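File shown: run33.cif. Contents: mmCIF, C-alpha atoms and all ligand atoms.
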```cif
data_query
#
loop_
_atom_site.label_atom_id
_atom_site.label_comp_id
_atom_site.auth_asym_id
_atom_site.auth_seq_id
_atom_site.Cartn_x
_atom_site.Cartn_y
_atom_site.Cartn_z
CA MET A 15 16.33 14.86 12.42
CA ALA A 16 19.70 13.15 12.23
CA ASP A 17 21.99 14.02 9.36
CA ASN A 18 21.58 10.95 7.19
CA HIS A 19 23.98 11.98 4.45
CA LYS A 20 26.74 9.64 5.56
CA MET A 21 24.35 6.66 5.48
CA TRP A 22 23.00 7.66 2.06
CA GLU A 23 26.52 8.08 0.72
CA GLU A 24 27.51 4.62 1.96
CA LEU A 25 24.43 3.23 0.19
CA GLY A 26 25.81 4.57 -3.08
CA MET A 27 22.96 7.04 -3.51
CA ASN A 28 22.96 9.97 -5.89
CA LEU A 29 23.12 12.61 -3.15
CA GLU A 30 22.70 15.64 -5.37
CA LEU A 31 19.50 14.32 -6.95
CA HIS A 32 18.23 12.96 -3.65
CA ASP A 33 18.71 16.36 -1.98
CA GLN A 34 16.19 17.76 -4.48
CA LEU A 35 13.61 15.26 -3.23
CA CYS A 36 14.43 16.03 0.41
CA ALA A 37 13.97 19.73 -0.30
CA VAL A 38 10.33 19.38 -1.40
CA LEU A 39 9.11 16.74 1.06
CA PRO A 40 8.75 18.92 4.20
CA GLN A 41 6.65 21.44 2.27
CA ALA A 42 4.43 18.66 0.90
CA VAL A 43 3.98 17.14 4.37
CA GLY A 44 3.17 20.56 5.81
CA ASP A 45 0.64 21.36 3.10
CA VAL A 46 -1.12 18.03 3.15
CA PHE A 47 -0.97 16.86 6.77
CA LEU A 48 -0.05 19.56 9.23
CA SER A 49 -2.58 22.01 7.79
CA GLN A 50 -5.46 19.71 8.84
CA GLU A 51 -7.41 20.68 11.94
CA ASN A 52 -8.22 18.69 15.05
CA ARG A 53 -5.94 15.78 14.23
CA PRO A 54 -5.64 12.89 16.72
CA GLU A 55 -2.56 13.18 18.95
CA GLY A 56 -1.57 9.65 17.95
CA MET A 57 -0.71 10.97 14.47
CA ASP A 58 2.53 12.33 15.99
CA TYR A 59 4.17 8.94 15.48
CA TYR A 60 3.29 8.73 11.78
CA ASP A 61 4.24 12.39 11.23
CA MET A 62 7.66 11.61 12.66
CA VAL A 63 8.06 8.51 10.46
CA VAL A 64 7.11 10.45 7.31
CA ALA A 65 9.27 13.46 8.18
CA ASP A 66 12.33 11.22 8.42
CA ILE A 67 11.20 8.51 6.02
CA HIS A 68 14.62 8.11 4.45
CA GLY A 69 16.36 8.09 7.83
CA ILE A 70 14.72 6.21 10.68
CA ARG A 71 13.60 2.96 9.08
CA PRO A 72 16.55 2.71 6.65
CA SER A 73 18.99 2.91 9.59
CA GLU A 74 17.09 0.10 11.34
CA LEU A 75 17.30 -2.04 8.21
CA ILE A 76 21.03 -1.38 7.93
CA ALA A 77 21.52 -2.32 11.60
CA HIS A 78 19.71 -5.60 10.85
CA GLN A 79 22.08 -6.24 7.93
CA GLU A 80 25.10 -5.44 10.10
CA ASN A 81 23.91 -8.20 12.43
CA GLY A 82 23.92 -10.64 9.52
CA GLY A 83 20.23 -10.29 8.55
CA LYS A 84 18.80 -9.86 5.06
CA VAL A 85 16.23 -7.39 3.72
CA PHE A 86 13.74 -8.28 0.99
CA GLY A 87 11.93 -5.63 -1.05
CA THR A 88 8.36 -6.37 -2.19
CA PHE A 89 5.96 -4.62 -4.55
CA CYS A 90 2.61 -6.29 -4.17
CA VAL A 91 0.17 -7.37 -1.47
CA TYR A 92 0.21 -10.98 -2.75
CA VAL A 93 3.79 -11.54 -1.54
CA PRO A 94 3.55 -13.18 1.91
CA ASP A 95 5.66 -11.27 4.43
CA GLU A 96 5.15 -14.07 6.97
CA VAL A 97 7.57 -16.35 5.12
CA ILE A 98 10.28 -13.69 4.91
CA PHE A 99 10.08 -12.71 8.59
CA ALA A 100 10.08 -16.42 9.54
CA ALA A 101 13.64 -16.64 8.14
CA ASP A 102 14.72 -13.82 10.49
CA ALA A 103 14.73 -11.47 7.51
CA ILE A 104 12.79 -8.23 7.02
CA ALA A 105 10.32 -7.49 4.24
CA THR A 106 9.85 -3.89 3.19
CA GLY A 107 7.49 -2.36 0.64
CA LEU A 108 9.19 -0.71 -2.35
CA CYS A 109 6.35 0.79 -4.37
CA GLY A 110 7.17 4.25 -5.71
CA GLY A 111 4.48 6.92 -5.39
CA SER A 112 6.29 10.07 -6.50
CA GLN A 113 6.63 11.79 -9.85
CA PHE A 114 10.22 12.51 -8.79
CA TRP A 115 11.18 8.92 -9.73
CA VAL A 116 9.18 8.65 -12.96
CA PRO A 117 11.70 10.18 -15.44
CA GLY A 118 14.32 7.68 -14.24
CA GLY A 119 11.92 4.85 -15.08
CA GLU A 120 11.10 6.36 -18.46
CA LYS A 121 14.75 6.05 -19.46
CA VAL A 122 14.24 2.28 -19.77
CA LEU A 123 10.46 1.75 -19.90
CA PRO A 124 7.89 2.86 -22.47
CA THR A 125 6.22 6.15 -21.52
CA ASN A 126 2.84 4.43 -21.58
CA THR A 127 3.73 2.31 -18.53
CA CYS A 128 1.85 3.00 -15.29
CA PRO A 129 3.56 5.57 -13.03
CA LEU A 130 3.83 3.08 -10.17
CA ILE A 131 6.10 0.84 -12.22
CA LYS A 132 8.06 3.73 -13.73
CA ALA A 133 8.63 5.28 -10.29
CA SER A 134 9.71 1.96 -8.78
CA VAL A 135 12.26 1.31 -11.53
CA GLY A 136 13.42 4.94 -11.50
CA ALA A 137 13.94 4.94 -7.73
CA ARG A 138 16.33 1.99 -8.10
CA LEU A 139 18.19 3.02 -11.24
CA ASP A 140 18.54 6.70 -10.29
CA ARG A 141 19.76 5.70 -6.80
CA THR A 142 17.47 8.15 -5.04
CA CYS A 143 15.67 5.96 -2.50
CA PRO A 144 17.50 4.28 0.41
CA PHE A 145 14.96 1.44 0.64
CA PHE A 146 15.66 0.45 -2.97
CA ARG A 147 19.40 0.52 -2.22
CA ILE A 148 19.19 -1.43 1.04
CA ALA A 149 17.06 -4.39 -0.10
CA ASP A 150 19.35 -7.38 -0.72
CA MET A 151 16.80 -9.09 -2.95
CA TYR A 152 13.57 -7.99 -4.63
CA ILE A 153 10.53 -10.26 -4.74
CA GLY A 154 8.47 -9.59 -7.85
CA GLU A 155 5.26 -11.21 -9.06
CA THR A 156 3.53 -11.81 -12.37
CA THR A 157 0.53 -9.59 -11.71
CA CYS A 158 0.64 -7.36 -14.78
CA ASP A 159 2.68 -7.19 -17.98
CA GLY A 160 4.48 -3.96 -17.09
CA LYS A 161 5.75 -5.44 -13.84
CA LYS A 162 6.87 -8.68 -15.49
CA LYS A 163 9.16 -6.77 -17.84
CA ALA A 164 10.27 -4.40 -15.09
CA TRP A 165 11.62 -7.37 -13.10
CA GLU A 166 13.79 -8.34 -16.07
CA ILE A 167 15.25 -4.84 -16.20
CA LEU A 168 15.75 -4.63 -12.45
CA SER A 169 17.34 -8.09 -12.30
CA GLU A 170 20.32 -6.70 -14.23
CA ASP A 171 21.03 -4.48 -11.21
CA VAL A 172 19.83 -6.43 -8.15
CA PRO A 173 18.88 -10.06 -7.37
CA VAL A 174 15.16 -10.57 -8.14
CA HIS A 175 12.99 -13.58 -7.41
CA VAL A 176 9.67 -13.61 -9.28
CA MET A 177 6.61 -15.43 -7.94
CA ASP A 178 4.25 -16.76 -10.60
CA LEU A 179 0.81 -15.58 -9.46
CA PRO A 180 -2.06 -17.54 -11.02
CA GLN A 181 -4.74 -15.31 -12.50
CA MET A 182 -7.80 -17.46 -11.87
CA LYS A 183 -9.10 -18.74 -8.54
CA ARG A 184 -9.82 -22.40 -9.15
CA VAL A 185 -8.73 -25.00 -6.58
CA LYS A 186 -5.71 -25.84 -8.74
CA ASP A 187 -4.71 -22.14 -8.78
CA VAL A 188 -4.71 -21.90 -4.99
CA LYS A 189 -2.60 -25.06 -4.96
CA ALA A 190 -0.22 -23.53 -7.52
CA TRP A 191 0.13 -20.42 -5.33
CA ALA A 192 0.92 -22.62 -2.33
CA GLU A 193 3.70 -24.18 -4.42
CA GLU A 194 5.03 -20.71 -5.26
CA ILE A 195 5.01 -19.84 -1.55
CA ALA A 196 6.93 -23.04 -0.79
CA ALA A 197 9.43 -22.07 -3.51
CA LEU A 198 9.75 -18.59 -1.95
CA LYS A 199 10.47 -20.27 1.39
CA ASP A 200 13.32 -22.23 -0.23
CA VAL A 201 14.76 -19.09 -1.87
CA VAL A 202 14.57 -17.12 1.36
CA GLU A 203 16.14 -19.96 3.38
CA LYS A 204 19.01 -20.28 0.93
CA PHE A 205 19.60 -16.53 0.73
CA THR A 206 19.51 -15.98 4.50
CA GLY A 207 21.03 -19.28 5.61
CA ASN A 208 18.16 -19.54 8.13
CA GLN A 209 15.57 -22.30 8.23
CA VAL A 210 11.86 -21.57 8.28
CA THR A 211 10.53 -23.94 10.94
CA PRO A 212 6.81 -24.46 11.71
CA GLU A 213 7.39 -22.67 15.03
CA LYS A 214 8.98 -19.65 13.33
CA LEU A 215 6.27 -19.53 10.71
CA ALA A 216 3.49 -19.77 13.33
CA GLU A 217 5.07 -16.89 15.25
CA ASN A 218 5.26 -14.72 12.14
CA ILE A 219 1.78 -15.59 10.90
CA LYS A 220 0.61 -14.11 14.22
CA LEU A 221 2.91 -11.08 13.83
CA ILE A 222 1.50 -10.16 10.42
CA ASN A 223 -2.08 -10.99 11.44
CA ASN A 224 -1.67 -8.60 14.38
CA LYS A 225 -0.66 -5.85 11.97
CA ARG A 226 -3.77 -6.61 9.89
CA LYS A 227 -5.93 -6.57 13.02
CA ALA A 228 -4.63 -3.13 14.00
CA LEU A 229 -5.45 -1.80 10.53
CA ALA A 230 -8.88 -3.46 10.65
CA ARG A 231 -9.50 -1.69 13.97
CA LEU A 232 -8.51 1.64 12.43
CA TYR A 233 -10.87 1.07 9.52
CA GLU A 234 -13.63 -0.01 11.92
CA CYS A 235 -13.34 3.45 13.52
CA ARG A 236 -13.79 4.99 10.07
CA LYS A 237 -17.17 3.29 9.71
CA SER A 238 -18.57 5.47 12.50
CA GLU A 239 -20.95 8.40 11.77
CA THR A 240 -18.55 10.41 13.91
CA VAL A 241 -15.43 10.68 11.74
CA PRO A 242 -12.51 10.49 14.21
CA ILE A 243 -9.70 10.73 11.64
CA SER A 244 -9.32 12.18 8.16
CA GLY A 245 -8.90 9.91 5.15
CA THR A 246 -5.56 11.59 4.43
CA ASP A 247 -4.22 10.59 7.85
CA ALA A 248 -5.62 7.06 7.50
CA LEU A 249 -3.99 6.73 4.07
CA VAL A 250 -0.53 7.60 5.33
CA ILE A 251 -0.94 5.00 8.09
CA SER A 252 -1.81 2.37 5.46
CA GLN A 253 1.23 3.42 3.44
CA ILE A 254 3.57 3.26 6.45
CA ALA A 255 2.29 -0.27 7.19
CA PHE A 256 4.35 -1.49 4.23
CA TYR A 257 7.64 -0.23 5.69
CA ASP A 258 7.45 -0.14 9.43
CA ASP A 259 8.47 -2.80 11.92
CA PRO A 260 5.25 -4.87 12.08
CA ALA A 261 5.11 -5.24 15.87
CA ARG A 262 5.77 -1.54 16.52
CA PHE A 263 3.30 -0.55 13.79
CA ALA A 264 0.55 -2.68 15.39
CA GLN A 265 1.34 -1.24 18.82
CA MET A 266 1.27 2.40 17.65
CA THR A 267 -1.86 1.86 15.52
CA ASN A 268 -3.69 0.19 18.41
CA LYS A 269 -2.68 3.12 20.63
CA LEU A 270 -4.10 5.53 18.05
CA CYS A 271 -7.28 3.44 17.88
CA ASP A 272 -7.74 3.80 21.68
CA GLU A 273 -7.82 7.54 21.05
CA LEU A 274 -10.12 7.24 18.03
CA GLU A 275 -12.59 5.02 19.91
CA LYS A 276 -12.63 7.60 22.72
CA ARG A 277 -13.28 10.33 20.15
CA ILE A 278 -16.20 8.35 18.76
CA ALA A 279 -17.65 7.84 22.26
CA GLU A 280 -17.33 11.58 22.92
CA GLY A 281 -18.60 12.62 19.46
CA VAL A 282 -15.31 14.29 18.42
CA SER A 283 -15.26 14.45 14.63
CA VAL A 284 -12.75 15.95 12.19
CA VAL A 285 -15.61 17.09 9.93
CA SER A 286 -18.99 18.69 10.52
CA ALA A 287 -22.14 16.57 10.59
CA GLY A 288 -23.51 15.80 7.14
CA THR A 289 -20.13 15.95 5.37
CA LYS A 290 -20.35 13.57 2.41
CA ARG A 291 -18.53 10.28 2.88
CA ILE A 292 -16.44 9.07 -0.06
CA MET A 293 -14.83 5.72 -0.75
CA LEU A 294 -11.95 5.41 -3.23
CA THR A 295 -11.61 2.21 -5.24
CA GLY A 296 -8.97 1.13 -7.73
CA THR A 297 -5.21 1.20 -8.16
CA PRO A 298 -2.91 1.58 -5.13
CA LEU A 299 -1.76 4.96 -3.80
CA ALA A 300 1.89 4.37 -2.90
CA ILE A 301 3.67 6.81 -0.59
CA PRO A 302 3.88 9.84 -1.07
CA ASN A 303 0.86 9.89 -3.38
CA TRP A 304 -1.63 11.89 -1.31
CA LYS A 305 -3.02 13.94 -4.21
CA LEU A 306 -6.58 12.64 -4.40
CA HIS A 307 -7.25 12.43 -0.70
CA ASN A 308 -6.05 15.99 -0.36
CA ILE A 309 -8.29 17.16 -3.19
CA VAL A 310 -11.38 15.34 -1.87
CA GLU A 311 -10.86 16.53 1.69
CA THR A 312 -10.30 20.15 0.70
CA SER A 313 -13.41 20.03 -1.52
CA GLY A 314 -15.91 19.61 1.32
CA ALA A 315 -16.02 15.78 1.58
CA VAL A 316 -14.20 13.14 3.62
CA VAL A 317 -12.63 9.83 2.55
CA VAL A 318 -13.80 7.02 4.85
CA CYS A 319 -12.49 3.94 3.03
CA GLU A 320 -10.06 2.82 0.32
CA GLU A 321 -10.82 -0.38 -1.58
CA MET A 322 -7.20 -0.49 -2.68
CA CYS A 323 -3.96 -2.30 -1.91
CA THR A 324 -3.15 0.71 0.26
CA GLY A 325 -6.42 0.01 2.07
CA THR A 326 -8.77 -2.93 2.57
CA ARG A 327 -7.04 -5.31 0.15
CA TYR A 328 -3.98 -5.21 2.42
CA PHE A 329 -5.55 -6.21 5.72
CA GLU A 330 -8.92 -7.92 5.29
CA ARG A 331 -9.02 -11.58 6.37
CA TYR A 332 -6.39 -13.38 8.39
CA VAL A 333 -4.17 -16.40 7.90
CA ASP A 334 -5.48 -19.36 9.91
CA GLU A 335 -3.25 -19.54 13.02
CA THR A 336 -4.20 -23.08 14.04
CA LYS A 337 -2.12 -25.00 11.48
CA GLU A 338 0.92 -26.88 12.77
CA THR A 339 2.92 -28.37 9.91
CA LEU A 340 4.74 -26.30 7.30
CA GLU A 341 2.59 -27.74 4.54
CA GLU A 342 -0.66 -26.85 6.29
CA GLN A 343 0.63 -23.38 7.18
CA ILE A 344 1.65 -22.70 3.58
CA ASP A 345 -1.77 -23.85 2.36
CA ALA A 346 -3.41 -21.51 4.88
CA ILE A 347 -1.21 -18.62 3.70
CA ALA A 348 -2.08 -19.37 0.05
CA GLU A 349 -5.78 -19.49 0.93
CA ARG A 350 -5.67 -16.07 2.60
CA TYR A 351 -3.67 -14.33 -0.13
CA MET A 352 -5.72 -15.81 -2.98
CA GLY A 353 -8.73 -14.18 -1.32
CA ILE A 354 -7.39 -10.75 -2.36
CA ASN A 355 -9.30 -9.43 -5.34
CA CYS A 356 -6.90 -7.64 -7.71
CA ALA A 357 -7.97 -6.72 -11.24
CA CYS A 358 -5.27 -9.04 -12.61
CA PHE A 359 -7.66 -11.97 -11.92
CA THR A 360 -10.34 -13.22 -14.26
CA PRO A 361 -13.18 -13.34 -13.59
CA ASN A 362 -13.07 -10.93 -10.67
CA HIS A 363 -16.70 -10.67 -9.55
CA ALA A 364 -15.64 -10.93 -5.92
CA ARG A 365 -14.03 -7.49 -6.15
CA ILE A 366 -17.32 -5.97 -7.27
CA ASP A 367 -19.04 -7.73 -4.33
CA ASP A 368 -16.36 -6.30 -2.01
CA ILE A 369 -16.96 -2.77 -3.28
CA ILE A 370 -20.73 -2.99 -2.76
CA ARG A 371 -20.25 -4.52 0.70
CA LEU A 372 -17.71 -1.87 1.74
CA ALA A 373 -19.93 0.95 0.43
CA LYS A 374 -22.63 -0.26 2.81
CA GLU A 375 -20.36 -0.95 5.78
CA TYR A 376 -18.74 2.48 5.58
CA LYS A 377 -22.07 4.20 4.80
CA VAL A 378 -20.60 6.01 1.81
CA ASP A 379 -22.46 8.66 -0.14
CA GLY A 380 -20.36 8.32 -3.27
CA ILE A 381 -17.43 6.45 -4.78
CA ILE A 382 -14.47 7.68 -6.77
CA ASP A 383 -13.04 4.92 -8.97
CA VAL A 384 -9.38 5.82 -9.40
CA ASN A 385 -7.17 4.58 -12.16
CA LEU A 386 -3.47 5.20 -12.50
CA LYS A 387 -2.79 6.22 -16.07
CA PHE A 388 -1.85 3.29 -18.32
CA CYS A 389 -3.14 0.62 -15.92
CA ASN A 390 -5.25 -1.33 -18.37
CA LEU A 391 -6.40 -3.88 -15.81
CA TYR A 392 -8.15 -1.50 -13.44
CA ASP A 393 -9.24 0.77 -16.26
CA THR A 394 -11.04 -2.08 -18.02
CA GLU A 395 -12.52 -3.45 -14.80
CA GLY A 396 -13.89 0.05 -14.15
CA TYR A 397 -16.63 -0.84 -16.64
CA PHE A 398 -18.00 -3.51 -14.28
CA VAL A 399 -17.40 -1.42 -11.16
CA GLU A 400 -19.31 1.58 -12.49
CA ARG A 401 -22.14 -0.54 -13.89
CA ALA A 402 -22.60 -2.41 -10.58
CA LEU A 403 -22.58 0.83 -8.60
CA LYS A 404 -25.15 2.39 -10.88
CA GLU A 405 -27.35 -0.67 -10.41
CA GLU A 406 -27.01 -0.26 -6.64
CA GLY A 407 -27.85 3.45 -6.89
CA ILE A 408 -24.45 4.51 -5.52
CA PRO A 409 -23.09 7.63 -7.26
CA VAL A 410 -19.70 7.06 -8.86
CA LEU A 411 -17.07 9.26 -10.45
CA GLY A 412 -14.42 7.54 -12.57
CA ILE A 413 -11.10 9.31 -12.87
CA GLU A 414 -7.70 8.62 -14.35
CA THR A 415 -4.61 10.33 -13.03
CA ASP A 416 -0.85 10.03 -12.63
CA TYR A 417 1.73 11.42 -10.21
CA THR A 418 2.09 14.85 -11.79
CA ASP A 419 0.29 17.92 -10.51
CA SER A 420 -0.66 18.99 -14.02
CA ASP A 421 -4.21 17.63 -13.67
CA ALA A 422 -4.76 18.77 -10.07
CA GLN A 423 -6.91 21.75 -11.00
CA GLN A 424 -9.03 19.73 -13.40
CA LEU A 425 -9.45 16.96 -10.81
CA ARG A 426 -10.46 19.52 -8.20
CA THR A 427 -13.14 20.87 -10.51
CA ARG A 428 -14.53 17.38 -11.20
CA VAL A 429 -14.40 16.27 -7.55
CA SER A 430 -16.03 19.53 -6.38
CA ALA A 431 -18.85 19.07 -8.91
CA PHE A 432 -19.30 15.47 -7.71
CA VAL A 433 -19.46 16.55 -4.05
CA GLU A 434 -21.89 19.32 -4.94
CA MET A 435 -24.08 16.79 -6.75
CA LEU A 436 -24.06 14.58 -3.61
CA ASN A 437 -25.03 17.56 -1.48
CA ASN A 438 -28.08 18.38 -3.63
S1 LIG A 501 -3.10 -3.64 -7.56
FE1 LIG A 501 -2.76 -5.83 -7.90
S2 LIG A 501 -0.70 -5.92 -8.70
FE2 LIG A 501 -0.90 -3.90 -7.73
S3 LIG A 501 -0.18 -4.18 -5.60
FE3 LIG A 501 -2.36 -4.53 -5.65
S4 LIG A 501 -2.58 -6.74 -5.85
FE4 LIG A 501 -0.51 -6.23 -6.49
S1 LIG A 502 -1.42 -0.10 -11.12
FE1 LIG A 502 -1.93 -1.57 -12.76
S2 LIG A 502 -0.30 -1.36 -14.30
FE2 LIG A 502 0.40 -0.42 -12.40
S3 LIG A 502 1.53 -2.01 -11.34
FE3 LIG A 502 -0.57 -2.10 -10.55
S4 LIG A 502 -1.64 -3.59 -11.86
FE4 LIG A 502 0.28 -3.02 -12.92
#
```
Could you express the structure from this file as structure tokens?
Amino acid sequence: MADNHKMWEELGMNLELHDQLCAVLPQAVGDVFLSQENRPEGMDYYDMVVADIHGIRPSELIAHQENGGKVFGTFCVYVPDEVIFAADAIATGLCGGSQFWVPGGEKVLPTNTCPLIKASVGARLDRTCPFFRIADMYIGETTCDGKKKAWEILSEDVPVHVMDLPQMKRVKDVKAWAEEIAALKDVVEKFTGNQVTPEKLAENIKLINNKRKALARLYECRKSETVPISGTDALVISQIAFYDDPARFAQMTNKLCDELEKRIAEGVSVVSAGTKRIMLTGTPLAIPNWKLHNIVETSGAVVVCEEMCTGTRYFERYVDETKETLEEQIDAIAERYMGINCACFTPNHARIDDIIRLAKEYKVDGIIDVNLKFCNLYDTEGYFVERALKEEGIPVLGIETDYTDSDAQQLRTRVSAFVEMLNN
């Protein structure tokens, strides 16, 4: 691994604090990933990316800036990367998934804010994440109240553009989202000095669709009775999708899928036959939040699907590639993104339908409905999720957690009891 200290110093990072994070990451990666048995060889690429997560991709982003390009940081799967890439800029995910960043966020946010928001604000203000330092502009959205206020705080430190996401799905709401996407295009054009032409947008709609298709292929492999990859490995791939170069990510993921499809054909599984198949639903698991997957998969079960933004909500459905004018393309983008079912929408029956559909497609034995502490939206929607699953006869365990390890033992006890119940 290259010595990245010079780069981090030039980014104005707090090196002393950041070194503390770097000191614990290799151990965490070793414990969670490298201890797994019979991993696909194609995981080497993702292991390398995670091991040098604050080195490899940040230096590529800086090289892009040195060539005159801009980098935009995003926090939500509703923000359309296509538009950003079409202006010869790069979009990178900025969601914080570590407890390390939470105290920094708590300096300015109420304690009863969800850890994802606290970690994201803390990573910026404490200067301990290169991605948060590199991004020239942040693109926020009005998905939940905590985020709306967080953008106001962050905008005192970095340029922030906020997209106004409608919270119903009527025809006029899809139209309003198309207008917000057109406004984003204008902001991105002005900030980069590059024009988004229909040709550029068409090219980048394909680029991002190809990334989605690679993820869809990976998830298709996870539907098989033969489990060719652990849920923990699949999760880190989903997390890396937010940061990596989209074309390279699709290429490496398709290469991995060649191996996984071969494993399925040859009956090579990472778990023994009859291992209970679990789906996680709920709030996103931003990198490096691997806690629950690790607990489930070291408690005798396997995670085969995530109905989450770090999962199916990120890649299902494609933007129509046949549109030719900017207006039609933007409408097609709005249509695709408004098909995502986040708990910030009302009503949100389609998410419940998605969960039932996915449970069948992935042949799951049980579902764990995960809520990040202080996320009222997903917590409240859990009422409908659990009721619908009970009606369908699908066992469900609802849990609430944060980024600390203080509840790990208690979670392990509850997950083990749930798996035992499924086995009986
Ligand atoms: S859970 Fe909702 S607000 Fe959070 S990233 Fe997903 S879509 Fe965006
Ligand atoms: S997990 Fe909930 S509270 Fe946290 S950012 Fe997402 S929608 Fe907002």
When distances are computed from only C-alpha atoms and all ligand atoms, which of A:Pro40, A:Gly160, A:Gly207, A:Pro94 shows the smallest separation from ligand LIG 502 (chain A)? A:Gly160
Environment of ligand LIG 501 (chain A) within 7 Å, counting all atoms listed in the file, reported as a ChimeraX atom specification: /A:89-92,157-158,297-298,322-323,356-358
Counting only C-alpha atoms and all ligand atoms, figure out which residue out of A:Ser286, A:Thr394, A:Thr127, A:Thr106 gets nearest to ligand LIG 502 (chain A).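 For ligand LIG 502 (chain A), the nearest of the given residues is A:Thr127.
Closest approach to Pro409 (chain A) from the set A:His175, A:Arg291, A:Leu391, A:Ile309 is made by A:Arg291, with distances taken over all atoms listed in the file.
Of the listed residues A:Glu51, A:Glu203, A:Asp102, A:Glu23, the one whose atoms come nearest to Ser244 (chain A) is A:Glu51, with distances taken using only C-alpha atoms.
Distance check against Leu386 (chain A) using only C-alpha atoms: of A:Gly353, A:Gly136, A:Gly296, A:Gly407, the minimum falls on A:Gly296.
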Would you work out the distance separating CA of Leu75 (chain A) from CA of Phe145 (chain A), expressed in Å to one decimal? 8.7 Å
One number please: CA of Ser313 (chain A) to CA of Asp379 (chain A), in Å, one decimal. 14.6 Å
Take CA of Gln50 (chain A) and CA of Gly314 (chain A) and report the distance between them in Å, one decimal.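 CA of Gln50 (chain A) sits 12.9 Å away from CA of Gly314 (chain A).
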Each residue of region 187-266 of chain A lying at most 10 Å from region 340-351 of chain A should get a row with its shortest atom-to-atom pair and the distance in Å to one decimal, counting only C-alpha atoms; could you produce that, ordered by chain and increasing number, as a tab-separated table?
```
residue	atom	partner	partner_atom	distance
A:Asp187	CA	A:Ala348	CA	9.6
A:Val188	CA	A:Ala348	CA	6.2
A:Lys189	CA	A:Asp345	CA	7.5
A:Ala190	CA	A:Ala348	CA	8.8
A:Trp191	CA	A:Ala348	CA	5.9
A:Ala192	CA	A:Ala348	CA	5.0
A:Glu193	CA	A:Ile344	CA	8.4
A:Glu194	CA	A:Ala348	CA	9.0
A:Ile195	CA	A:Ile344	CA	6.8
A:Ala196	CA	A:Ile344	CA	6.9
A:Lys199	CA	A:Ile344	CA	9.4
A:Val210	CA	A:Leu340	CA	8.6
A:Thr211	CA	A:Leu340	CA	7.2
A:Pro212	CA	A:Leu340	CA	5.2
A:Glu213	CA	A:Leu340	CA	8.9
A:Lys214	CA	A:Leu340	CA	9.9
A:Leu215	CA	A:Gln343	CA	7.7
A:Ala216	CA	A:Gln343	CA	7.7
A:Ile219	CA	A:Ile347	CA	8.4
```
Would you kindly identify which residues have an atom no farther than 12 Å from (-20.7, 0.6, 3.7), using all atoms listed in the file and the file's own coordinates, and write them out as a list of chain:residue names?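 Output: A:Tyr233, A:Glu234, A:Arg236, A:Lys237, A:Ser238, A:Glu239, A:Arg291, A:Ile292, A:Met293, A:Val318, A:Cys319, A:Glu320, A:Glu321, A:Asp367, A:Asp368, A:Ile369, A:Ile370, A:Arg371, A:Leu372, A:Ala373, A:Lys374, A:Glu375, A:Tyr376, A:Lys377, A:Val378, A:Asp379, A:Gly380, A:Ile381, A:Ile408.
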If we count all atoms listed in the file, what is near Cys128 (chain A) at a cut-off of 6 Å, once residues fewer than 6 positions away on the same chain are taken out, given as a ChimeraX atom specification? /A:387-389
Take the residues just selected and output them with C-alpha atoms as a CSV table (one decimal), in the frame of the given file.
```csv
chain,number,residue,atom,x,y,z
A,387,LYS,CA,-2.8,6.2,-16.1
A,388,PHE,CA,-1.8,3.3,-18.3
A,389,CYS,CA,-3.1,0.6,-15.9
```
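Using only C-alpha atoms and all ligand atoms, the nearest neighbour of ligand LIG 502 (chain A) within the list A:Ile67, A:Leu249, A:Val122, A:Ile131 is A:Ile131.
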May I have the residues within 12 Å of Pro302 (chain A) as a short mmCIF file (atom, residue, chain, number, x, y, z; two decimals) with C-alpha atoms, in the frame of the given file, using all atoms listed in the file and disregarding those fewer than 6 positions away in the same chain?
```cif
data_model
loop_
_atom_site.label_atom_id
_atom_site.label_comp_id
_atom_site.auth_asym_id
_atom_site.auth_seq_id
_atom_site.Cartn_x
_atom_site.Cartn_y
_atom_site.Cartn_z
CA LEU A 35 13.61 15.26 -3.23
CA VAL A 38 10.33 19.38 -1.40
CA LEU A 39 9.11 16.74 1.06
CA PRO A 40 8.75 18.92 4.20
CA ALA A 42 4.43 18.66 0.90
CA VAL A 43 3.98 17.14 4.37
CA VAL A 46 -1.12 18.03 3.15
CA PHE A 47 -0.97 16.86 6.77
CA VAL A 64 7.11 10.45 7.31
CA ALA A 65 9.27 13.46 8.18
CA ILE A 67 11.20 8.51 6.02
CA LEU A 108 9.19 -0.71 -2.35
CA CYS A 109 6.35 0.79 -4.37
CA GLY A 110 7.17 4.25 -5.71
CA GLY A 111 4.48 6.92 -5.39
CA SER A 112 6.29 10.07 -6.50
CA GLN A 113 6.63 11.79 -9.85
CA PHE A 114 10.22 12.51 -8.79
CA TRP A 115 11.18 8.92 -9.73
CA LEU A 130 3.83 3.08 -10.17
CA ALA A 133 8.63 5.28 -10.29
CA THR A 246 -5.56 11.59 4.43
CA LEU A 249 -3.99 6.73 4.07
CA VAL A 250 -0.53 7.60 5.33
CA ILE A 251 -0.94 5.00 8.09
CA SER A 252 -1.81 2.37 5.46
CA GLN A 253 1.23 3.42 3.44
CA ILE A 254 3.57 3.26 6.45
CA ASN A 308 -6.05 15.99 -0.36
CA THR A 324 -3.15 0.71 0.26
CA TYR A 417 1.73 11.42 -10.21
CA THR A 418 2.09 14.85 -11.79
#
```
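The neighbours of Thr206 (chain A) here are the residues that come within 8 Å of it, using only C-alpha atoms and leaving out any residue fewer than 4 positions away in the same chain; they are A:Gly83, A:Lys84, A:Ala101, A:Asp102, A:Ala103, A:Val202.
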